[in-house]
Amino acid sequence: MEAVLFILQLLVVLGCIIMGTRSSGVGLGLWGGAGVAILVFVFQLSPGSPPVDALLIVLSVVLAASMMQVAGGIDWMVSVAAKLIARNPKQITLVAPLVSFLFAAGAGTSNILYPLLPVIQDLSYRNGIRPSRPLSLSVVATGVALACSPVSAAMAAMVTLTDVPPYDFELIDILKVTIPAAIVGIVLSSLVVNRLGKDLADDPEVQAKIADGTLAPPRSDAAEVKADVTVTTAGRNAAIIFLLGVLTIVVFGLFKGIRPLDADGAPVGMTPIIEIIMFLVGTLILIVSRPKVGDVPTATVFKAGMVSAIALFGLAWLTDTFLSAHVEFISESIGALVGAAPWIFALGVFLVCVLTTSQSTATRTIVPIGLAAGIPLGVLSGMWAGAFAGIYLLPTNGSQIAAANFDVSGTTKLGTKLVDHSFFLPTLVLAVTTIGAGAAFGALWGG
């Protein structure tokens with residue numbers, strides 16, 4: 001009977017996730033809350049614990065990041081990233097994804113990539129490199145970057161799951177696995193992606209456009225390529241303050257001894273540390289850069305962050321309600337299966353990312369199962385990071401659409417059959433290489 005109830009309740013969870021995915025945006029959160037109602041009122045389960053700590057981290061980070069954006073900080077970061085990419089145009093299939101990864105991890109959002117897309121496209125085409133190669137891998141790299149960011153919503157969800165007894169696996173323990181795993185994954189993936197598609201000189205579609213005059217031939221001696229952003233002193237200062245805040249969080253994660261003590265005399269956990277520093281960062285940006293506070297609620301980072309928070313609230317509450325009611329059953333059955341074949345855990349995170357295009361939702365949904373299965377925390381963290389590439393398996397993400405639209409050469413395609421788009425193979429390659437590297441690094445020095 002327990003198995004029957006488990007399956008019925010699992011169908012409710014999966015059904016709500018699917019319906020939320022179809023609704024997208026805040027619909028994910030609403031369907032999650034509806035699922036909680038069904039489990040509580042129909043199946044008489046006790047309500048789970050809403051992800052309060054994760055939500056508070058998300059809100060504090062989104063507030064600080066939005067203040068930075070309104071002050072012009074993201075524009076300044078984009079200008080710096082564009083200069084780094086332009087320095088090595090011949091190696092753009094490697095450099096562009098690495099720079100995109102670095103700045104997405106620093107800012108805690110993939111939105112930083114949008115202004116860089118035309119720069120990547122122009123530089124690659126001018127140097128005779130098929131634009132779809134650096135564009136596709138740069139987009140996918142920003143997905144795994146959120147598993148390497150101290151201030152992403154996904155990391156907030158992860159930290160609140162692992163930085164508690166009996167795990168006590170803190171932010172810095174996660175980062176020391178995910179960051180090298182992602183870098184190795186991007187480097188290896190660039191070697192593969194650099195061979196995808198025909199070279200421009202051998203592509204009949206591109207050559208036809210050049211021949212009829214609709215596309216100019218590549219010219220590496222043209223004027224310097226710049227990102228279409230406005231750089232200001234206030235923006236530079238805001239970005240520096242924000243990045244120093246991120247660095248401060250990492251330092252507190254590295255050295256427990258410098259943290260203040262709680263009522264029990266133990267070092268304060270990283271959850272309140274992140275929240276406090278992000279509020280302080282936002283205040284310093286307000287004082288130094290003087291952004292228009294009234295513009296914060298309309299900033300793209302703020303809007304995207306609020307949508308993520310609502311989705312995280314509903315779906316995380318739903319999965320916690322379900323999992324809390326079946327801890328022993330999951331540990332003995334599904335947990336044993338995942339423990340015997342840990343790659344099933346990575347596949348689970350990957351598939352939820354595909355379905356929901358939300359890394360934080362995948363984290364709150366699947367990571368508790370991995371924890372219950374007893375997967376070593378280092379290995380779990382490494383595979384978790386690689387699986388984040390899954391949000392780009394289908395050509396439905398905004399950055400994928402933008403990349404295709406910016407590519408005037410037409411080499412970056414969204415396809416018509418879900419698997420024939422330019423991001424499909426880079427997604428799979430980056431996921432596999434990062435998961436493999438993550439498992440190896442996690443086994444070496446993870447928990």
# chains A, B, ... in the order shown; residues from 1 in each chain; ligands from 1
call {"tool": "residues_around", "arguments": {"residues": "Val231 in chain A", "least_positions_apart": "3", "cutoff": "12 Å", "atoms": "only C-alpha atoms", "output": "VMD selection string"}}
result
chain A and resid 69 71 to 80 226 to 228 234 to 239
call {"tool": "write_last_selection", "arguments": {"atoms": "C-alpha atoms", "output": "mmCIF file, in the first residue's frame"}}
result
data_model
loop_
_atom_site.group_PDB
_atom_site.id
_atom_site.type_symbol
_atom_site.label_atom_id
_atom_site.label_comp_id
_atom_site.auth_asym_id
_atom_site.auth_seq_id
_atom_site.Cartn_x
_atom_site.Cartn_y
_atom_site.Cartn_z
ATOM 1 C CA GLN A 69 22.656 46.787 -12.522
ATOM 2 C CA ALA A 71 23.988 51.815 -11.215
ATOM 3 C CA GLY A 72 25.543 50.525 -14.452
ATOM 4 C CA GLY A 73 27.692 47.805 -12.903
ATOM 5 C CA ILE A 74 26.701 45.023 -15.283
ATOM 6 C CA ASP A 75 27.439 47.268 -18.271
ATOM 7 C CA TRP A 76 30.937 47.849 -16.897
ATOM 8 C CA MET A 77 31.468 44.123 -16.355
ATOM 9 C CA VAL A 78 30.314 43.445 -19.921
ATOM 10 C CA SER A 79 32.799 45.985 -21.293
ATOM 11 C CA VAL A 80 35.641 44.311 -19.421
ATOM 12 C CA LYS A 226 32.857 46.905 -28.592
ATOM 13 C CA ALA A 227 29.907 45.838 -26.491
ATOM 14 C CA ASP A 228 26.828 48.018 -26.932
ATOM 15 C CA ALA A 234 29.337 54.929 -11.026
ATOM 16 C CA GLY A 235 28.849 51.609 -12.818
ATOM 17 C CA ARG A 236 32.499 50.684 -12.369
ATOM 18 C CA ASN A 237 32.339 51.470 -8.652
ATOM 19 C CA ALA A 238 29.108 49.510 -8.222
ATOM 20 C CA ALA A 239 30.575 46.454 -9.950
#
call {"tool": "residues_around", "arguments": {"residues": "range 353-360 of chain A", "least_positions_apart": "5", "cutoff": "10 Å", "atoms": "only C-alpha atoms", "output": "NGL selection string"}}
result
:A and (17-22 or 24-25 or 28 or 54 or 143-144 or 146-147 or 152-158 or 308-309 or 311-312 or 315-316 or 347-348 or 365 or 384-385 or 387-394 or 396-397)
call {"tool": "residues_around", "arguments": {"residues": "Ile179 in chain A", "least_positions_apart": "5", "cutoff": "9 Å", "atoms": "only C-alpha atoms", "output": "ChimeraX atom specification"}}
result
/A:145,147-149,174,184,382,385,438
call {"tool": "select_by_dssp", "arguments": {"residues": "range 27-266 of chain A", "states": "alpha helix (DSSP H)", "output": "MDAnalysis selection string"}}
result
chainID A and resid 27:41 52:71 73:86 92:107 117:126 132:145 153:162 171:193 204:211 233:254
call {"tool": "residues_around", "arguments": {"residues": "Val408 in chain A", "least_positions_apart": "3", "cutoff": "9 Å", "atoms": "only C-alpha atoms", "output": "PyMOL selection string"}}
result
chain A and resi 121-122+215+404-405+411-412
call {"tool": "decode", "arguments": {"residues": "range 6-31 of chain A", "atoms": "N, CA and C atoms", "output": "short mmCIF file (atom, residue, chain, number, x, y, z; two decimals), in the first residue's frame"}}
result
data_model
loop_
_atom_site.label_atom_id
_atom_site.label_comp_id
_atom_site.auth_asym_id
_atom_site.auth_seq_id
_atom_site.Cartn_x
_atom_site.Cartn_y
_atom_site.Cartn_z
N PHE A 6 2.97 6.07 -2.66
CA PHE A 6 4.19 6.76 -3.10
C PHE A 6 4.09 7.11 -4.58
N ILE A 7 3.66 6.14 -5.38
CA ILE A 7 3.56 6.36 -6.83
C ILE A 7 2.51 7.42 -7.15
N LEU A 8 1.36 7.36 -6.48
CA LEU A 8 0.31 8.35 -6.73
C LEU A 8 0.78 9.76 -6.37
N GLN A 9 1.44 9.86 -5.23
CA GLN A 9 1.92 11.18 -4.80
C GLN A 9 3.06 11.66 -5.70
N LEU A 10 3.89 10.73 -6.16
CA LEU A 10 4.95 11.10 -7.10
C LEU A 10 4.36 11.63 -8.40
N LEU A 11 3.26 11.01 -8.84
CA LEU A 11 2.60 11.48 -10.06
C LEU A 11 2.07 12.91 -9.87
N VAL A 12 1.59 13.21 -8.67
CA VAL A 12 1.14 14.57 -8.38
C VAL A 12 2.31 15.55 -8.50
N VAL A 13 3.44 15.18 -7.91
CA VAL A 13 4.63 16.05 -7.97
C VAL A 13 5.07 16.26 -9.42
N LEU A 14 5.20 15.16 -10.16
CA LEU A 14 5.63 15.27 -11.55
C LEU A 14 4.62 16.04 -12.39
N GLY A 15 3.33 15.79 -12.13
CA GLY A 15 2.29 16.50 -12.87
C GLY A 15 2.35 18.00 -12.64
N CYS A 16 2.57 18.38 -11.41
CA CYS A 16 2.65 19.82 -11.09
C CYS A 16 3.89 20.45 -11.72
N ILE A 17 5.00 19.71 -11.73
CA ILE A 17 6.21 20.23 -12.38
C ILE A 17 5.97 20.43 -13.88
N ILE A 18 5.32 19.45 -14.50
CA ILE A 18 5.04 19.54 -15.94
C ILE A 18 4.10 20.71 -16.23
N MET A 19 3.04 20.84 -15.44
CA MET A 19 2.10 21.94 -15.65
C MET A 19 2.77 23.29 -15.39
N GLY A 20 3.62 23.32 -14.37
CA GLY A 20 4.34 24.56 -14.09
C GLY A 20 5.29 24.91 -15.22
N THR A 21 5.92 23.89 -15.81
CA THR A 21 6.82 24.12 -16.94
C THR A 21 6.06 24.69 -18.12
N ARG A 22 4.86 24.17 -18.36
CA ARG A 22 4.05 24.67 -19.48
C ARG A 22 3.62 26.12 -19.24
N SER A 23 3.38 26.45 -17.98
CA SER A 23 2.99 27.83 -17.66
C SER A 23 4.20 28.75 -17.65
N SER A 24 5.36 28.21 -17.23
CA SER A 24 6.63 28.92 -17.10
C SER A 24 6.53 30.08 -16.11
N GLY A 25 7.68 30.70 -15.84
CA GLY A 25 7.71 31.86 -14.95
C GLY A 25 7.14 31.56 -13.58
N VAL A 26 6.29 32.47 -13.10
CA VAL A 26 5.70 32.30 -11.77
C VAL A 26 4.75 31.11 -11.73
N GLY A 27 4.36 30.61 -12.91
CA GLY A 27 3.50 29.43 -12.95
C GLY A 27 4.13 28.23 -12.28
N LEU A 28 5.47 28.15 -12.32
CA LEU A 28 6.17 27.06 -11.63
C LEU A 28 5.87 27.09 -10.14
N GLY A 29 5.93 28.28 -9.57
CA GLY A 29 5.66 28.41 -8.14
C GLY A 29 4.21 28.13 -7.81
N LEU A 30 3.30 28.63 -8.65
CA LEU A 30 1.87 28.44 -8.39
C LEU A 30 1.49 26.96 -8.43
N TRP A 31 1.99 26.24 -9.42
CA TRP A 31 1.68 24.81 -9.51
C TRP A 31 2.33 24.03 -8.37
#
